[in-house]
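Peer 1: Here it is, the structure, as structure tokens.
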Amino acid sequence: MGEVFLAEDTRLDRKAAIKFLPADLARDPERRQRFLTEAKAASALNHPHVCIVYDVGETEDGLPFIAMEFVEGQTLDALAKQGPMEISRVVQIAVQVADALDVAHSSRIVHRDIKPDNISLNERGQVKVLDFGLAKRMLQESTEDLGNTA
């Protein structure tokens, strides 16, 4: 749903990933809202295995953008194409992804687009879950919905 570019944060002297909503999609109010929902969902999470959102805004031309952590490494998709992985490595990756999703679900956020392209591993092999573009924030349940009686 967006185009991602590598950028340099000159104020903090670090790399960043900038995701832009393409101009043709930026004209659609529903797409713009979905893009903002992604930023809100990801920024609501503070977890070592969830990509950090630095900022959200619009260019002078009106294109929405999300500035986020740049993860130096490769996607799980690219890693899997290199050949079979040791079972212990697969388990390590799965546990980290599950941990990230658990914190999201605890915040009532459902990712809805988990796939190898949206899982990145940094140079130390640590997982970062990316792209909350299809994320949905679930409504808060009442105690009655949980079957509790107070």
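Residues in the structure tokens are named by chain (A, B, ... in the order shown) and by number from 1 within that chain; ligands are numbered from 1 in the order shown.
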Name the residues of segment 31-100 of chain A that fall into alpha helix (DSSP H) according to DSSP on the backbone, using the chain letters and numbers of this document, as a ChimeraX atom specification.
Peer 2: /A:31-43,76-81,87-100
Peer 1: Restricting it to N, CA and C atoms, dump the selection as a CSV table (one decimal), in the first residue's frame.
Peer 2:
```
chain,number,residue,atom,x,y,z
A,31,ARG,N,-8.2,5.3,1.7
A,31,ARG,CA,-6.8,4.8,1.7
A,31,ARG,C,-5.9,5.7,2.6
A,32,ARG,N,-6.2,7.0,2.6
A,32,ARG,CA,-5.5,7.9,3.5
A,32,ARG,C,-5.7,7.5,5.0
A,33,GLN,N,-7.0,7.2,5.3
A,33,GLN,CA,-7.3,6.8,6.7
A,33,GLN,C,-6.7,5.5,7.0
A,34,ARG,N,-6.6,4.5,6.1
A,34,ARG,CA,-6.0,3.2,6.4
A,34,ARG,C,-4.5,3.4,6.7
A,35,PHE,N,-3.9,4.3,5.9
A,35,PHE,CA,-2.5,4.7,6.1
A,35,PHE,C,-2.2,5.3,7.5
A,36,LEU,N,-3.1,6.2,7.9
A,36,LEU,CA,-3.0,6.8,9.2
A,36,LEU,C,-3.2,5.7,10.3
A,37,THR,N,-4.2,4.8,10.1
A,37,THR,CA,-4.4,3.7,11.0
A,37,THR,C,-3.2,2.9,11.2
A,38,GLU,N,-2.4,2.6,10.1
A,38,GLU,CA,-1.2,1.9,10.3
A,38,GLU,C,-0.2,2.6,11.2
A,39,ALA,N,-0.1,3.8,11.0
A,39,ALA,CA,0.9,4.6,11.9
A,39,ALA,C,0.4,4.6,13.3
A,40,LYS,N,-0.9,4.8,13.5
A,40,LYS,CA,-1.4,4.8,14.9
A,40,LYS,C,-1.2,3.4,15.6
A,41,ALA,N,-1.5,2.3,14.8
A,41,ALA,CA,-1.4,1.0,15.4
A,41,ALA,C,0.0,0.7,15.8
A,42,ALA,N,0.9,0.9,14.8
A,42,ALA,CA,2.3,0.6,15.1
A,42,ALA,C,2.9,1.5,16.2
A,43,SER,N,2.5,2.7,16.2
A,43,SER,CA,3.1,3.6,17.2
A,43,SER,C,2.5,3.4,18.6
A,76,LEU,N,12.2,-12.1,6.2
A,76,LEU,CA,12.1,-13.6,6.4
A,76,LEU,C,12.0,-14.2,5.0
A,77,ASP,N,11.3,-13.6,4.1
A,77,ASP,CA,11.1,-14.1,2.8
A,77,ASP,C,12.5,-14.3,2.1
A,78,ALA,N,13.3,-13.3,2.2
A,78,ALA,CA,14.6,-13.4,1.6
A,78,ALA,C,15.5,-14.5,2.2
A,79,LEU,N,15.4,-14.5,3.5
A,79,LEU,CA,16.1,-15.6,4.3
A,79,LEU,C,15.7,-17.0,3.9
A,80,ALA,N,14.4,-17.2,3.8
A,80,ALA,CA,13.9,-18.5,3.4
A,80,ALA,C,14.3,-18.9,2.0
A,81,LYS,N,14.5,-18.0,1.1
A,81,LYS,CA,14.9,-18.3,-0.2
A,81,LYS,C,16.3,-18.7,-0.3
A,87,ILE,N,15.9,-26.0,12.6
A,87,ILE,CA,14.7,-26.0,13.3
A,87,ILE,C,14.8,-25.0,14.5
A,88,SER,N,15.9,-25.0,15.2
A,88,SER,CA,16.1,-24.1,16.3
A,88,SER,C,16.0,-22.7,15.9
A,89,ARG,N,16.5,-22.3,14.7
A,89,ARG,CA,16.4,-21.0,14.2
A,89,ARG,C,14.9,-20.6,13.9
A,90,VAL,N,14.2,-21.5,13.3
A,90,VAL,CA,12.8,-21.3,12.9
A,90,VAL,C,12.0,-21.1,14.2
A,91,VAL,N,12.3,-21.8,15.2
A,91,VAL,CA,11.6,-21.7,16.5
A,91,VAL,C,11.9,-20.3,17.1
A,92,GLN,N,13.2,-19.9,17.1
A,92,GLN,CA,13.6,-18.6,17.6
A,92,GLN,C,12.8,-17.5,16.9
A,93,ILE,N,12.7,-17.5,15.6
A,93,ILE,CA,12.0,-16.5,14.8
A,93,ILE,C,10.5,-16.6,15.2
A,94,ALA,N,9.9,-17.8,15.2
A,94,ALA,CA,8.5,-17.9,15.5
A,94,ALA,C,8.2,-17.3,16.9
A,95,VAL,N,9.0,-17.6,17.9
A,95,VAL,CA,8.8,-17.1,19.3
A,95,VAL,C,8.8,-15.6,19.3
A,96,GLN,N,9.7,-15.0,18.6
A,96,GLN,CA,9.8,-13.5,18.5
A,96,GLN,C,8.6,-12.9,17.8
A,97,VAL,N,8.2,-13.5,16.7
A,97,VAL,CA,7.0,-13.0,16.0
A,97,VAL,C,5.8,-13.2,16.9
A,98,ALA,N,5.6,-14.3,17.6
A,98,ALA,CA,4.5,-14.5,18.5
A,98,ALA,C,4.5,-13.5,19.6
A,99,ASP,N,5.7,-13.2,20.2
A,99,ASP,CA,5.8,-12.2,21.2
A,99,ASP,C,5.3,-10.9,20.8
A,100,ALA,N,5.7,-10.4,19.6
A,100,ALA,CA,5.3,-9.2,19.0
A,100,ALA,C,3.8,-9.1,18.8
```
Peer 1: Residues at most 10 Å from Lys15 of chain A, counting only C-alpha atoms, excluding those fewer than 3 positions away in the same chain, as an mmCIF file with all heavy atoms, in the first residue's frame?
Peer 2:
```cif
data_model
loop_
_atom_site.group_PDB
_atom_site.id
_atom_site.type_symbol
_atom_site.label_atom_id
_atom_site.label_comp_id
_atom_site.auth_asym_id
_atom_site.auth_seq_id
_atom_site.Cartn_x
_atom_site.Cartn_y
_atom_site.Cartn_z
ATOM 1 N N LEU A 6 14.762 4.511 1.884
ATOM 2 C CA LEU A 6 15.759 4.697 2.925
ATOM 3 C C LEU A 6 16.092 6.181 2.980
ATOM 4 O O LEU A 6 16.319 6.815 1.955
ATOM 5 C CB LEU A 6 17.016 3.877 2.613
ATOM 6 C CG LEU A 6 18.197 4.049 3.558
ATOM 7 C CD1 LEU A 6 17.826 3.636 4.982
ATOM 8 C CD2 LEU A 6 19.375 3.219 3.062
ATOM 9 N N ALA A 7 16.090 6.735 4.188
ATOM 10 C CA ALA A 7 16.387 8.157 4.371
ATOM 11 C C ALA A 7 17.387 8.317 5.504
ATOM 12 O O ALA A 7 17.650 7.375 6.251
ATOM 13 C CB ALA A 7 15.102 8.919 4.691
ATOM 14 N N GLU A 8 17.925 9.522 5.610
ATOM 15 C CA GLU A 8 18.827 9.822 6.716
ATOM 16 C C GLU A 8 18.217 10.921 7.568
ATOM 17 O O GLU A 8 17.841 11.984 7.051
ATOM 18 C CB GLU A 8 20.193 10.266 6.195
ATOM 19 C CG GLU A 8 21.179 10.487 7.320
ATOM 20 C CD GLU A 8 22.564 10.838 6.826
ATOM 21 O OE1 GLU A 8 22.870 10.542 5.660
ATOM 22 O OE2 GLU A 8 23.330 11.413 7.600
ATOM 23 N N ASP A 9 18.088 10.655 8.849
ATOM 24 C CA ASP A 9 17.632 11.638 9.816
ATOM 25 C C ASP A 9 18.860 12.475 10.171
ATOM 26 O O ASP A 9 19.723 12.025 10.925
ATOM 27 C CB ASP A 9 17.062 10.930 11.041
ATOM 28 C CG ASP A 9 16.541 11.881 12.104
ATOM 29 O OD1 ASP A 9 16.908 13.076 12.089
ATOM 30 O OD2 ASP A 9 15.774 11.418 12.966
ATOM 31 N N THR A 10 18.958 13.674 9.603
ATOM 32 C CA THR A 10 20.157 14.490 9.791
ATOM 33 C C THR A 10 20.223 15.111 11.181
ATOM 34 O O THR A 10 21.311 15.427 11.656
ATOM 35 C CB THR A 10 20.239 15.602 8.723
ATOM 36 O OG1 THR A 10 19.042 16.381 8.774
ATOM 37 C CG2 THR A 10 20.415 15.006 7.337
ATOM 38 N N LEU A 12 19.278 13.565 14.040
ATOM 39 C CA LEU A 12 19.702 12.540 14.999
ATOM 40 C C LEU A 12 20.782 11.620 14.439
ATOM 41 O O LEU A 12 21.173 10.659 15.102
ATOM 42 C CB LEU A 12 18.491 11.725 15.468
ATOM 43 C CG LEU A 12 17.435 12.532 16.219
ATOM 44 C CD1 LEU A 12 16.226 11.667 16.535
ATOM 45 C CD2 LEU A 12 18.011 13.133 17.482
ATOM 46 N N ILE A 18 11.200 5.677 5.249
ATOM 47 C CA ILE A 18 10.071 6.587 5.028
ATOM 48 C C ILE A 18 9.097 5.897 4.083
ATOM 49 O O ILE A 18 9.454 5.543 2.960
ATOM 50 C CB ILE A 18 10.512 7.930 4.407
ATOM 51 C CG1 ILE A 18 11.662 8.554 5.184
ATOM 52 C CG2 ILE A 18 9.320 8.882 4.297
ATOM 53 C CD1 ILE A 18 11.326 9.028 6.562
ATOM 54 N N MET A 68 9.862 5.748 10.056
ATOM 55 C CA MET A 68 10.003 4.656 11.021
ATOM 56 C C MET A 68 11.429 4.132 11.061
ATOM 57 O O MET A 68 12.268 4.501 10.237
ATOM 58 C CB MET A 68 9.017 3.544 10.701
ATOM 59 C CG MET A 68 9.195 2.902 9.347
ATOM 60 S SD MET A 68 7.819 1.851 8.903
ATOM 61 C CE MET A 68 7.194 2.756 7.506
ATOM 62 N N GLU A 69 11.636 3.279 12.016
ATOM 63 C CA GLU A 69 12.929 2.636 12.206
ATOM 64 C C GLU A 69 13.338 1.903 10.929
ATOM 65 O O GLU A 69 12.530 1.213 10.308
ATOM 66 C CB GLU A 69 12.772 1.647 13.364
ATOM 67 C CG GLU A 69 13.891 0.715 13.609
ATOM 68 C CD GLU A 69 13.584 -0.279 14.715
ATOM 69 O OE1 GLU A 69 12.398 -0.464 15.079
ATOM 70 O OE2 GLU A 69 14.535 -0.889 15.206
ATOM 71 N N PHE A 70 14.597 2.067 10.554
ATOM 72 C CA PHE A 70 15.149 1.292 9.448
ATOM 73 C C PHE A 70 15.781 0.042 10.041
ATOM 74 O O PHE A 70 16.629 0.127 10.925
ATOM 75 C CB PHE A 70 16.195 2.101 8.673
ATOM 76 C CG PHE A 70 16.941 1.278 7.665
ATOM 77 C CD1 PHE A 70 16.303 0.792 6.543
ATOM 78 C CD2 PHE A 70 18.284 0.970 7.859
ATOM 79 C CE1 PHE A 70 16.985 0.020 5.603
ATOM 80 C CE2 PHE A 70 18.978 0.208 6.930
ATOM 81 C CZ PHE A 70 18.323 -0.270 5.800
ATOM 82 N N VAL A 71 15.350 -1.109 9.586
ATOM 83 C CA VAL A 71 15.880 -2.377 10.081
ATOM 84 C C VAL A 71 16.928 -2.868 9.092
ATOM 85 O O VAL A 71 16.605 -3.278 7.981
ATOM 86 C CB VAL A 71 14.761 -3.436 10.268
ATOM 87 C CG1 VAL A 71 15.338 -4.738 10.798
ATOM 88 C CG2 VAL A 71 13.677 -2.905 11.189
ATOM 89 N N GLU A 72 18.180 -2.795 9.506
ATOM 90 C CA GLU A 72 19.294 -3.267 8.673
ATOM 91 C C GLU A 72 19.282 -4.785 8.738
ATOM 92 O O GLU A 72 19.385 -5.362 9.815
ATOM 93 C CB GLU A 72 20.609 -2.721 9.222
ATOM 94 C CG GLU A 72 21.786 -2.971 8.337
ATOM 95 C CD GLU A 72 22.186 -1.731 7.557
ATOM 96 O OE1 GLU A 72 21.997 -0.630 8.053
ATOM 97 O OE2 GLU A 72 22.696 -1.917 6.441
#
```
Peer 1: Have a look at atom CA of Val4 of chain A and atom CA of Ala17 of chain A and let me know their distance in Å, one decimal.
Peer 2: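 Interatomic distance here is 6.4 Å.
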Peer 1: Could you check how far atom CA of Ala26 of chain A sits from atom CA of Asn118 of chain A, in Å to one decimal?
Peer 2: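 Separation of atom CA of Ala26 of chain A and atom CA of Asn118 of chain A: 22.1 Å.
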Peer 1: Name the residues of segment 51-128 of chain A that fall into strand (DSSP E) according to DSSP on the backbone, using the chain letters and numbers of this document, as a ChimeraX atom specification.
Peer 2: /A:53-58,64-69,73-75,109-110,119-122,127-128
Peer 1: Taking 2 positions as the minimum chain separation for residues in the same chain, which residues sit within 8 Å of Ser107 of chain A when counting only C-alpha atoms? Answer as a list in words.
Peer 2: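 Those residues are Ala44, Leu45, Val103, Ala104, His105 and Ile109 of chain A.
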Peer 1: If we count only C-alpha atoms, what is near Glu3 of chain A at a cut-off of 8 Å, once residues fewer than 6 positions away on the same chain are taken out, given as a PDB file with N, CA and C atoms, in the first residue's frame?
Peer 2:
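And here is the file that came out, out-v1.pdb:
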```pdb
ATOM      1  N   LYS A  19       7.894   5.700   4.557  1.00  0.00           N
ATOM      2  CA  LYS A  19       6.857   5.059   3.745  1.00  0.00           C
ATOM      3  C   LYS A  19       5.887   6.135   3.278  1.00  0.00           C
ATOM      4  N   PHE A  20       5.724   6.251   1.959  1.00  0.00           N
ATOM      5  CA  PHE A  20       4.820   7.222   1.363  1.00  0.00           C
ATOM      6  C   PHE A  20       3.602   6.508   0.800  1.00  0.00           C
ATOM      7  N   LEU A  21       2.465   7.143   0.919  1.00  0.00           N
ATOM      8  CA  LEU A  21       1.275   6.668   0.235  1.00  0.00           C
ATOM      9  C   LEU A  21       1.347   7.248  -1.174  1.00  0.00           C
ATOM     10  N   PRO A  22       1.343   6.402  -2.218  1.00  0.00           N
ATOM     11  CA  PRO A  22       1.444   6.915  -3.588  1.00  0.00           C
ATOM     12  C   PRO A  22       0.341   7.929  -3.900  1.00  0.00           C
TER      13      PRO A  22
END
```
